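Since the structure comes first, as structure tokens, the remarks are kept for the end.
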Amino acid sequence: MKTFFLTALLLITVTVFAQDKPLSLDENGKLIFYEVVDLKTVPRDSLRQRLDIFLKAEGKALKVKSKASDSILQAAGKTIIRKTALVLSRPSGEVRYNFYAELRAGKYRFWLTDFNFIPYERDRYGNFVPATSIGVPLERKPGKLNAGEWDAYVKATTKDVNAFAARFKTAMQQSSPLQPVLEAVPVISTKKW
Amino acid sequence: MKLKSALTIAALSLASVSYAQEAAKVAPLEISGSVDTYFKYDFAKVPNIATSFASDQNSISIGMIDLALKKTTGKASFVGELSFGPRGQAGSLVPQGAESFHIQNLYASYAFTDKFSMTAGFMGTFIGYEVISPVANFNYSTSYLFSAGPFQNAGIKGSYAFTDKVSLMVGLFDDWNVYTDVNGVSHIGAQLTVSPVEGWTAYLNVLSGKSAGAVGVGTIMDLTTSYQVTEKVKIGLNAADYTIGNSGGGYSGAALYLQNAFSPAVSLGVRGEYFSTKDKVNGAANLNVVPGESVTAVTLSANIKSGGLTFIPEVRFDNGSADMFAKSNLLPTKSASQFSLALVYAF
């Protein structure tokens with residue numbers, strides 16, 4: 001019985017605290033999330049269509065900065081960092097990043113980089129707004145005074161970037177746009193009884 | 001027994017973590033706030049400089065506990081912000097008898113579209129650069145322009161964003177700093193917000209109306225702007241002019257703010273201000289500056305941050321056009337100086 005409970009506790013802990021893929025450093029010392037995905041039977045045009053559908057689904061969350069003719073897609077995004085305790089939460093800042101994607105027949109690669117942290121502060125109306133317009137690169141060490149908070153920002157960013165990557169890869173695997181599932185409303189017949 | 005306790009604690013911990021993750025998917029209730037405390041010493045041993053808040057001389061004193069709630073559900077939202085303590089109570093005006101608290105914000109808002117929203121209630125004023133909360137001010141002592149201007153405005157306003165660079169707010173407001181307007185909703189105000197380039201925002205503000213007991217219509221015109229020049233350097237400017245008709249007095253002034261962040265934890269800022277009062281006839285003395293006279297003030301402050309805590313050491317020098325301060329022997333003098341140490345914790 002003891003062994004059962006300990007095993008169950010261990011499994012739950014592993015599930016809840018599953019490790020995200022950490023951010024790496026690129027050749028320029030900047031934090032980056034980089035992945036190459038093989039989809040051997042998918043032509044480039046199909047990959048481009050799926051990419052366009054993904055960008056449309058993301059809406060205002062991703063602002064495309066490159067032109068349609070560019071070989072590498074570039075878009076700007078941001079993730080809100082929140083301080084959460086039980087049911088209470090408030091934004092403490094945002095991390096802005098650039099998203100890049102490049103397509104070839106049968107494969108594609110994407111990466112997120114240029115992470116910049118912008119702290120939030122409460123304005124005169126009680127709303128949280130960016131305290132500055134120029135962020136601090138996330139790879140920069142903050143010094144001892146703010147090291148704990150900075151680690152938390154990097155962890156939260158890693159979590160959100162992994163979630164973004166999972167969404168993107170799922171969208172790129174879809175052969176057709178997802179249709180909304182309309183659930184039939186159950187109706188009781190009063191005629192037959 | 002120990003294993004049972006460990007399992008119970010683990011189960012409760014998992015429940016709180018998962019609840020937080022679930023709560024994050026819907027708009028959560030936001031609770032935030034601050035606490036602040038300070039020590040101030042005027043070198044003349046009398047509290048010469050008429051700064052709002054931070055007014056106790058040679059005393060380890062408290063500012064306030066500030067608590068703000070915010071909730072957004074779809075297009076509707078509300079903010080309720082209460083403060084307790086001298087900074088939030090007597091220092092924030094609105095004396096209502098024996099309350100031990102002060103309402104900083106109490107309003108509801110509805111976003112009809114992405115561009116247009118309306119808000120009604122009691123709100124922090126849209127006029128001026130500095131605010132009541134110590135968290136949003138770089139300097140701990142406040143400027144003359146802040147102390148002389150409105151602190152809060154109750155009213156109803158509509159805001160429209162023409163583009164992401166230009167927006168306009170227009171509203172009807174009660175008298176300055178009151179929960180209830182005894183002579184009817186009497187003020188009209190507007191704010192034009194312009195962001196010409198990234199990092200630079202300018203607000204052109206106007207508020208006009210006849211307050212209860214005033215001899216004429218009072219109109220304040222205010223420019224507030226800030227520019228994040230580089231990652232480290234920020235410049236701010238506040239200029240205002242307030243005139244009450246029928247020679248009712250008023251004031252004008254300008255303050256320049258320069259800040260440099262040596263690191264994410266350490267910044268240094270200087271504020272230079274010029275403030276003058278109008279009309280020798282009917283004009284009341286604003287903040288010890290008698291009608292027709294002026295004062296310049298230079299304030300040097302540091303912000304040393306660790307997490308939510310900010311330590312603010314500050315020194316300030318004020319110089320009047322006439323004798324408006326007192327020496328340690330209580331003889332009048334034109335100049336005053338003070339230093340202060342403040343701790344502000346924001347959560």
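Within each chain, counting starts at residue 1; across the structure tokens, chains are named A, B, ... in the order shown, with ligands numbered 1 upward in that order.
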Original post:
How would you write, as a ChimeraX atom specification, the set of residues in stretch 4-181 of chain A that DSSP gives as helix (DSSP H, G or I)?
Top reply: /A:4-16,44-61,144-173
Just the residues within 10 Å of A:Asp52, please, counting only C-alpha atoms, with nothing from its chain fewer than 5 positions along; format it as a compact mmCIF listing (two decimals) with N, CA and C atoms, in the first residue's frame.
```txt
# COMPACT_ATOMS: atom_id res chain seq x y z
N SER A 46 2.03 23.34 -49.39
CA SER A 46 1.10 22.94 -48.32
C SER A 46 1.58 23.47 -46.98
N LEU A 47 2.89 23.43 -46.77
CA LEU A 47 3.44 23.96 -45.51
C LEU A 47 3.15 25.46 -45.41
N ALA A 57 -4.94 32.27 -37.24
CA ALA A 57 -5.52 31.83 -35.96
C ALA A 57 -4.92 32.60 -34.79
N GLU A 58 -3.63 32.92 -34.87
CA GLU A 58 -2.99 33.68 -33.78
C GLU A 58 -3.47 35.12 -33.73
N ALA A 171 -0.37 22.81 -35.68
CA ALA A 171 -0.99 23.48 -36.84
C ALA A 171 -0.30 23.06 -38.12
N MET A 172 1.02 22.88 -38.08
CA MET A 172 1.75 22.52 -39.30
C MET A 172 1.51 21.07 -39.70
```
**OP:** Write out as a list of chain:residue names which residues come within 7 Å of stretch 45-51 of chain B when counting only C-alpha atoms, dropping same-chain ones fewer than 6 positions away.
**Re:**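 Once the adjacent positions are removed, what remains is B:Gln57, B:Ser141, B:Thr142, B:Ser143, B:Tyr144, B:Ser147, B:Leu287, B:Asn288, B:Phe325, B:Ala326, B:Ser328, B:Ala336.
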Can you spit out the residues from that selection as a PDB file, in the first residue's frame, using C-alpha atoms?
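This is the output file part13.pdb:
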```pdb
ATOM      1  CA  GLN B  57      10.032  66.237  10.301  1.00  0.00           C
ATOM      2  CA  SER B 141       8.738  64.028  -2.288  1.00  0.00           C
ATOM      3  CA  THR B 142       6.188  65.491  -4.665  1.00  0.00           C
ATOM      4  CA  SER B 143       6.401  68.518  -6.937  1.00  0.00           C
ATOM      5  CA  TYR B 144       4.549  71.790  -6.340  1.00  0.00           C
ATOM      6  CA  SER B 147       0.359  69.274  -4.791  1.00  0.00           C
ATOM      7  CA  LEU B 287       1.811  75.744  -0.759  1.00  0.00           C
ATOM      8  CA  ASN B 288       3.473  78.679   1.047  1.00  0.00           C
ATOM      9  CA  PHE B 325      10.723  79.421   4.500  1.00  0.00           C
ATOM     10  CA  ALA B 326      12.059  79.544   8.032  1.00  0.00           C
ATOM     11  CA  SER B 328      16.177  76.981  12.580  1.00  0.00           C
ATOM     12  CA  ALA B 336      15.147  75.397   2.350  1.00  0.00           C
TER      13      ALA B 336
END
```
Subject >> Exercise: A:Arg109 partners within 8 Å, only C-alpha atoms, chain neighbours under 3 positions left out, as a ChimeraX atom specification >> reply: /A:34-37,101-103
Subject >> Polymer residues at most 8 Å from B:Phe146, only C-alpha atoms, same-chain spacing of 3 or more positions, as an NGL selection string >> reply: :B and (128-131 or 142-143 or 149-151)
Original post:
Which is closest to chain A among B:Gln104, B:Thr180, B:Ser306, B:Ser263, if we use only C-alpha atoms?
Top reply: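 Checking each of B:Gln104, B:Thr180, B:Ser306, B:Ser263 against chain A, counting only C-alpha atoms, the winner is B:Ser306.
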Subject >> Within 9 Å of B:Glu198 using only C-alpha atoms, minus same-chain residues under 5 positions, as a list of chain:residue names >> reply: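 Using only C-alpha atoms, the neighbours found are A:Ser133, A:Ile134, B:Tyr227, B:Gln228.
Each of B:Gly74, B:Asp114, B:Ser186, B:Pro313 was compared to B:Pro28 using only C-alpha atoms, and B:Gly74 turns out to be the nearest.
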Original post:
Hey, which of B:Met118, B:Ala202, B:Ala346, B:Ile312 ends up closest to chain A? Count only C-alpha atoms.
Top reply: B:Ala346
**OP:** Using backbone DSSP assignments, extract all strand (DSSP E or B) residues from stretch 28-261 of chain B; output them as a ChimeraX atom specification.
**Re:** /B:29-42,59-73,76-84,101-111,116-124,152-161,166-173,187-194,200-209,218-228,233-244,249-261
